Amino acid sequence: MNNHLEIDLNNLSTLLERTKQVSDQYLNEIDKRPPATAYIKKGNLKISEQGLGAEKTLDLFLDRYGNHMPASNGPRFWGLVTGGTTPASLLGDWLTSAYDLNLSHAGNSLAPDIEMEAISMLRELFGLPASFSGTFVTGATMSNFAGLAIAREWIGRQHGKSVSQDGLHAIPPVKILSAEAHASSFKSLGMLGLGRNFLKVIPKLPENREAVDVVELRKALEETNSEPCIVIANAGTVNTVDFDDIRAIAAMKSEFKFWLHVDAAFGGFAACSPKFKHLLKGIEHADSITIDAHKWLNVPYDAAMIFTQHRDLQIAVFQNSGAYLGAIAEPVDFIHLGPENSRRMRALPAWFSLMAYGREGYQDIVERNCAMAENLGKKISASNEFRLLAPVRMNVVCFTLNGDVDAEKVKNFLAKLRDNGRVFMTPTTYLGTPGIRAAISNWRTENKDVEIAWQAMLDCAQ
Ligand SMILES: *Cc1c(COP(=O)(O)O)cnc(C)c1O
């Protein structure tokens, strides 16, 4: 055995103990570290011929990166839609790497059982009927990709073809209809050969809404002349957390032939709260649903789920049958259900967190985050420095600087705010106005954090 490997093997307990200390220190300082740091250019490292061994590598890492790690996992990283890591999910993630199980097949490990159990608990958390099967993927982008891939197969079947067997050549171009599809849906359409340009943008409701105008959607469906198509409904838009009327969209399935994919990447967590649950009415009629785990479930990157009521089509798309892999039988191996072949035991952090905090834990995270966003929204409305661009509907505050605002001013303010080291937010454009999003999705965020962030915002607006 290589010398370094042998030393590390004999020294494993000490190495793990040191790594625990590093993690512990970081997590204890998370309140004080800046949430984000600007990109710092570093000189290149070369591959080491003999290697350093784990201990020296850890020292090098800490010096080069670790000691400067920002607290994007902390209570005041409000950029994009960023969750954090609940204590229990961190245990699950650590153990996932310690066990290093490959999830692809049942019959030689316990990993598939854990994923099936986690999926079943998540289905309950989101109030989905048992007709939905679920699979973990790396993120909502891959979840949208998988949902739209199954949709593509369904479209093929409407034409008496199988796209996964015969290719897209076998069917006419497919229309995709959506009012405010996330960038990742366009990306998925690109990867699937359906084409980004084939997404027809449907007008939204008037009066500062991002939800689809269902009357306009109906017109677009009428224009399809009974050609089967795909509707992407949005359950939580990234700028203002607006929800399409899923029930009204689903009701049109009796008249028109379409696959209903719901992108509920973070809005799906409305299901955790009696206050917000009504926003998802009708979601049980979806053909496929995207929900992210590394956002509001607060498990570490990277994890999301794809749910579908058409597992037969899912298998048709993702089947991976080689002589050495065996035939497809119940319980269907995950290798036949998603884009990956081998993959990590991605469900274990979610399993831990769901068991540890239960329904009430997630209700608390969702409602507390939304209350914090509401609180920030009120401060903004009452201030001279800022103004809201849209009502605060859930956990995202979409606002801008008061007065004449342009993209440059927003950019400068956000850079100043980041370097000030107390809170981090990201830019957007809303109804043509350059703006700012504060998305509060971390389990740690409390009132004191809103106070700290608000003071930083006032200081930087000067
Ligand atoms: C974040 C997000 C995505 C993409 O998610 P990733 O996990 O970053 O791949 C897709 N849709 C919506 C609505 C999102 O908020």
# chains A, B, ... in the order shown; residues from 1 in each chain; ligands from 1
>>> residues_near_ligand(ligand="ligand 1", cutoff="8 Å", atoms="only C-alpha atoms and all ligand atoms", output="MDAnalysis selection string")
chainID A and resid 80:81 138:144 181:185 234:238 263:267 290 292:295 302:304
>>> residues_around(residues="segment 406-416 of chain A", least_positions_apart="2", cutoff="12 Å", atoms="only C-alpha atoms", output="JSON, numbers by chain")
{"A": [36, 37, 38, 39, 78, 79, 385, 386, 399, 400, 401, 402, 403, 404, 418, 419, 420, 421, 422, 423, 424, 425, 426, 427, 428, 429, 430, 432, 433, 434, 435, 436, 437, 438, 456, 457, 458, 459, 460, 461, 462]}
>>> select_by_dssp(residues="segment 238-423 of chain A", states="strand (DSSP E or B)", output="list in words")
Phe243, Phe258, Trp259, Leu260, His261, Val262, Asp263, Ser288, Ile289, Thr290, Ile291, Asp292, Ala304, Met305, Ile306, Phe307, Thr308, Phe386, Arg387, Leu388, Val396, Val397, Cys398, Phe399, Thr400 and Leu401 of chain A
>>> select_by_dssp(residues="segment 200-303 of chain A", states="alpha helix (DSSP H)", output="MDAnalysis selection string")
chainID A and resid 214:222 246:251
>>> write_last_selection(atoms="N, CA, C and O atoms", output="JSON list (two decimals), in the first residue's frame")
[["chain", "number", "residue", "atom", "x", "y", "z"],
["A", 214, "VAL", "N", -55.16, 32.20, -17.17],
["A", 214, "VAL", "CA", -55.70, 30.91, -17.62],
["A", 214, "VAL", "C", -56.54, 31.07, -18.90],
["A", 214, "VAL", "O", -56.59, 30.15, -19.73],
["A", 215, "VAL", "N", -57.15, 32.23, -19.06],
["A", 215, "VAL", "CA", -57.93, 32.48, -20.29],
["A", 215, "VAL", "C", -56.99, 32.48, -21.51],
["A", 215, "VAL", "O", -57.29, 31.91, -22.56],
["A", 216, "GLU", "N", -55.83, 33.10, -21.32],
["A", 216, "GLU", "CA", -54.83, 33.13, -22.40],
["A", 216, "GLU", "C", -54.26, 31.73, -22.66],
["A", 216, "GLU", "O", -54.01, 31.36, -23.81],
["A", 217, "LEU", "N", -54.10, 30.98, -21.59],
["A", 217, "LEU", "CA", -53.60, 29.61, -21.75],
["A", 217, "LEU", "C", -54.61, 28.78, -22.54],
["A", 217, "LEU", "O", -54.24, 28.00, -23.43],
["A", 218, "ARG", "N", -55.88, 28.98, -22.23],
["A", 218, "ARG", "CA", -56.93, 28.25, -22.96],
["A", 218, "ARG", "C", -56.86, 28.59, -24.45],
["A", 218, "ARG", "O", -56.93, 27.70, -25.30],
["A", 219, "LYS", "N", -56.67, 29.88, -24.76],
["A", 219, "LYS", "CA", -56.57, 30.29, -26.18],
["A", 219, "LYS", "C", -55.41, 29.57, -26.86],
["A", 219, "LYS", "O", -55.53, 29.07, -27.97],
["A", 220, "ALA", "N", -54.28, 29.52, -26.16],
["A", 220, "ALA", "CA", -53.09, 28.86, -26.73],
["A", 220, "ALA", "C", -53.36, 27.37, -26.92],
["A", 220, "ALA", "O", -52.90, 26.78, -27.91],
["A", 221, "LEU", "N", -54.08, 26.77, -26.00],
["A", 221, "LEU", "CA", -54.40, 25.34, -26.14],
["A", 221, "LEU", "C", -55.33, 25.12, -27.32],
["A", 221, "LEU", "O", -55.19, 24.14, -28.07],
["A", 222, "GLU", "N", -56.27, 26.05, -27.51],
["A", 222, "GLU", "CA", -57.18, 25.94, -28.66],
["A", 222, "GLU", "C", -56.40, 26.01, -29.97],
["A", 222, "GLU", "O", -56.70, 25.30, -30.92],
["A", 246, "ILE", "N", -53.20, 26.03, -10.41],
["A", 246, "ILE", "CA", -52.98, 24.66, -10.91],
["A", 246, "ILE", "C", -54.31, 23.93, -11.11],
["A", 246, "ILE", "O", -54.49, 23.18, -12.06],
["A", 247, "ARG", "N", -55.26, 24.21, -10.20],
["A", 247, "ARG", "CA", -56.54, 23.52, -10.30],
["A", 247, "ARG", "C", -57.26, 23.89, -11.60],
["A", 247, "ARG", "O", -57.78, 23.02, -12.30],
["A", 248, "ALA", "N", -57.22, 25.17, -11.93],
["A", 248, "ALA", "CA", -57.89, 25.62, -13.17],
["A", 248, "ALA", "C", -57.18, 25.05, -14.40],
["A", 248, "ALA", "O", -57.83, 24.68, -15.38],
["A", 249, "ILE", "N", -55.86, 24.97, -14.33],
["A", 249, "ILE", "CA", -55.11, 24.42, -15.47],
["A", 249, "ILE", "C", -55.44, 22.94, -15.62],
["A", 249, "ILE", "O", -55.74, 22.45, -16.71],
["A", 250, "ALA", "N", -55.40, 22.23, -14.48],
["A", 250, "ALA", "CA", -55.66, 20.78, -14.52],
["A", 250, "ALA", "C", -57.07, 20.50, -15.05],
["A", 250, "ALA", "O", -57.29, 19.51, -15.76],
["A", 251, "ALA", "N", -58.03, 21.38, -14.73],
["A", 251, "ALA", "CA", -59.41, 21.17, -15.17],
["A", 251, "ALA", "C", -59.50, 21.15, -16.69],
["A", 251, "ALA", "O", -60.38, 20.50, -17.27]]
>>> closest_residue(among="A:Asp8, A:Glu340, A:Asp244, A:Glu227", to="Leu205 of chain A", atoms="only C-alpha atoms")
A:Asp244
>>> closest_residue(among="A:Tyr26, A:Phe334, A:Tyr65, A:Phe77", to="Ala453 of chain A", atoms="only C-alpha atoms")
A:Phe77
>>> closest_atom_pairs(of="segment 42-161 of chain A", to="segment 173-179 of chain A", cutoff="10 Å", atoms="only C-alpha atoms", output="JSON lines")
{"residue": "A:Leu148", "atom": "CA", "partner": "A:Ile176", "partner_atom": "CA", "distance": 9.8}
{"residue": "A:Arg152", "atom": "CA", "partner": "A:Val174", "partner_atom": "CA", "distance": 8.2}
{"residue": "A:Ile155", "atom": "CA", "partner": "A:Val174", "partner_atom": "CA", "distance": 7.9}
{"residue": "A:Gly156", "atom": "CA", "partner": "A:Val174", "partner_atom": "CA", "distance": 9.6}
>>> residues_around(residues="Phe258 of chain A", least_positions_apart="4", cutoff="7 Å", atoms="only C-alpha atoms", output="PDB file with C-alpha atoms, in the first residue's frame")
ATOM      1  CA  PRO A 228     -50.665  17.003 -27.749  1.00  0.00           C
ATOM      2  CA  CYS A 229     -48.459  19.509 -25.922  1.00  0.00           C
ATOM      3  CA  ILE A 230     -46.778  20.256 -22.592  1.00  0.00           C
ATOM      4  CA  VAL A 231     -47.874  22.846 -20.028  1.00  0.00           C
ATOM      5  CA  LYS A 253     -57.161  18.404 -19.222  1.00  0.00           C
TER       6      LYS A 253
END
>>> atom_distance(atom1="atom CA of Gly377 of chain A", atom2="atom CA of Val397 of chain A")
6.3 Å
>>> closest_residue(among="A:Asp449, A:Glu374, A:Glu360, A:Glu284", to="Arg123 of chain A", atoms="only C-alpha atoms")
A:Glu284
>>> atom_distance(atom1="atom CA of Ser254 of chain A", atom2="atom CA of Gln158 of chain A")
15.2 Å
>>> residues_around(residues="Arg209 of chain A", least_positions_apart="2", cutoff="12 Å", atoms="only C-alpha atoms", output="number ranges by chain")
A: 179-180, 203-207, 211-213, 236-237, 239-245, 389-393, 430-431
